[in-house]
Amino acid sequence: MKQNPVMRICISCRKTYDRKNLLKITKDNKQGIMLQKGMGRSAYICKSKKCYSDSKIKKKLQKALKTYLEPEFIDIFEKEIASYYDYSNKGI
Ligand SMILES: [Zn+2]
């Protein structure tokens, strides 16, 4: 069985990627802001350093999710993206 990839747009570079290659941030209706899970309004960021280390990314995220991001979340978010490798350097 072959599944079609689900394509989503990165909120920073506005390019379309397979959802598997994106970091998903969701404003969950019950649990608040979540990474890679949750149900509700979502925003996606690609795993290229240019995007996730964008100084405006938090503003873009807050705008996309229409919410204020707590500093605690920013901490979690930064730890999460720090664990990513930058595939933009690998020619993908
Ligand atoms: Zn991007």
# chains A, B, ... in the order shown; residues from 1 in each chain; ligands from 1
>>> residues_near_ligand(ligand="ligand 1", cutoff="7 Å", atoms="only C-alpha atoms and all ligand atoms", output="number ranges by chain")
A: 10-15, 45-48, 51
>>> select_by_dssp(residues="chain A", states="helix (DSSP H, G or I)", output="ChimeraX atom specification")
/A:19-21,49-52,57-65,71-82,87-90
>>> select_by_dssp(residues="chain A", states="strand (DSSP E or B)", output="VMD selection string")
chain A and resid 7 to 10 16 to 18 22 to 28 32 to 35 40 to 46
>>> residues_around(residues="region 68-82 of chain A", least_positions_apart="6", cutoff="12 Å", atoms="only C-alpha atoms", output="compact mmCIF listing (two decimals) with C-alpha atoms, in the first residue's frame")
# COMPACT_ATOMS: atom_id res chain seq x y z
CA LEU A 22 7.75 19.33 9.33
CA LEU A 23 7.56 20.29 12.94
CA LYS A 24 3.91 20.62 13.83
CA ILE A 25 2.77 23.04 16.51
CA THR A 26 -0.84 22.70 17.53
CA LYS A 27 -3.01 24.81 19.71
CA GLY A 32 -2.89 24.16 25.02
CA ILE A 33 0.15 24.33 22.77
CA MET A 34 1.59 20.98 21.79
CA LEU A 35 4.38 19.75 19.56
CA GLN A 36 3.73 17.06 16.95
CA ILE A 45 7.78 24.70 10.34
CA CYS A 46 10.22 22.92 8.08
CA LYS A 47 13.41 21.54 9.52
CA SER A 48 15.72 23.87 7.71
CA LYS A 49 17.85 25.97 9.97
CA LYS A 50 16.91 29.11 8.10
CA CYS A 51 13.31 28.62 9.21
CA TYR A 52 13.48 27.24 12.70
CA SER A 53 16.18 29.64 13.78
CA ASP A 54 14.39 32.59 12.18
CA SER A 55 14.29 35.40 14.73
CA ILE A 57 9.54 32.55 13.99
CA LYS A 58 7.87 33.03 17.37
CA LYS A 59 5.92 36.00 16.06
CA LYS A 60 4.94 34.05 12.98
CA LEU A 61 3.86 31.16 15.14
CA GLN A 62 1.78 33.33 17.41
>>> atom_distance(atom1="CA of Lys2 (chain A)", atom2="CA of Ala43 (chain A)")
25.8 Å
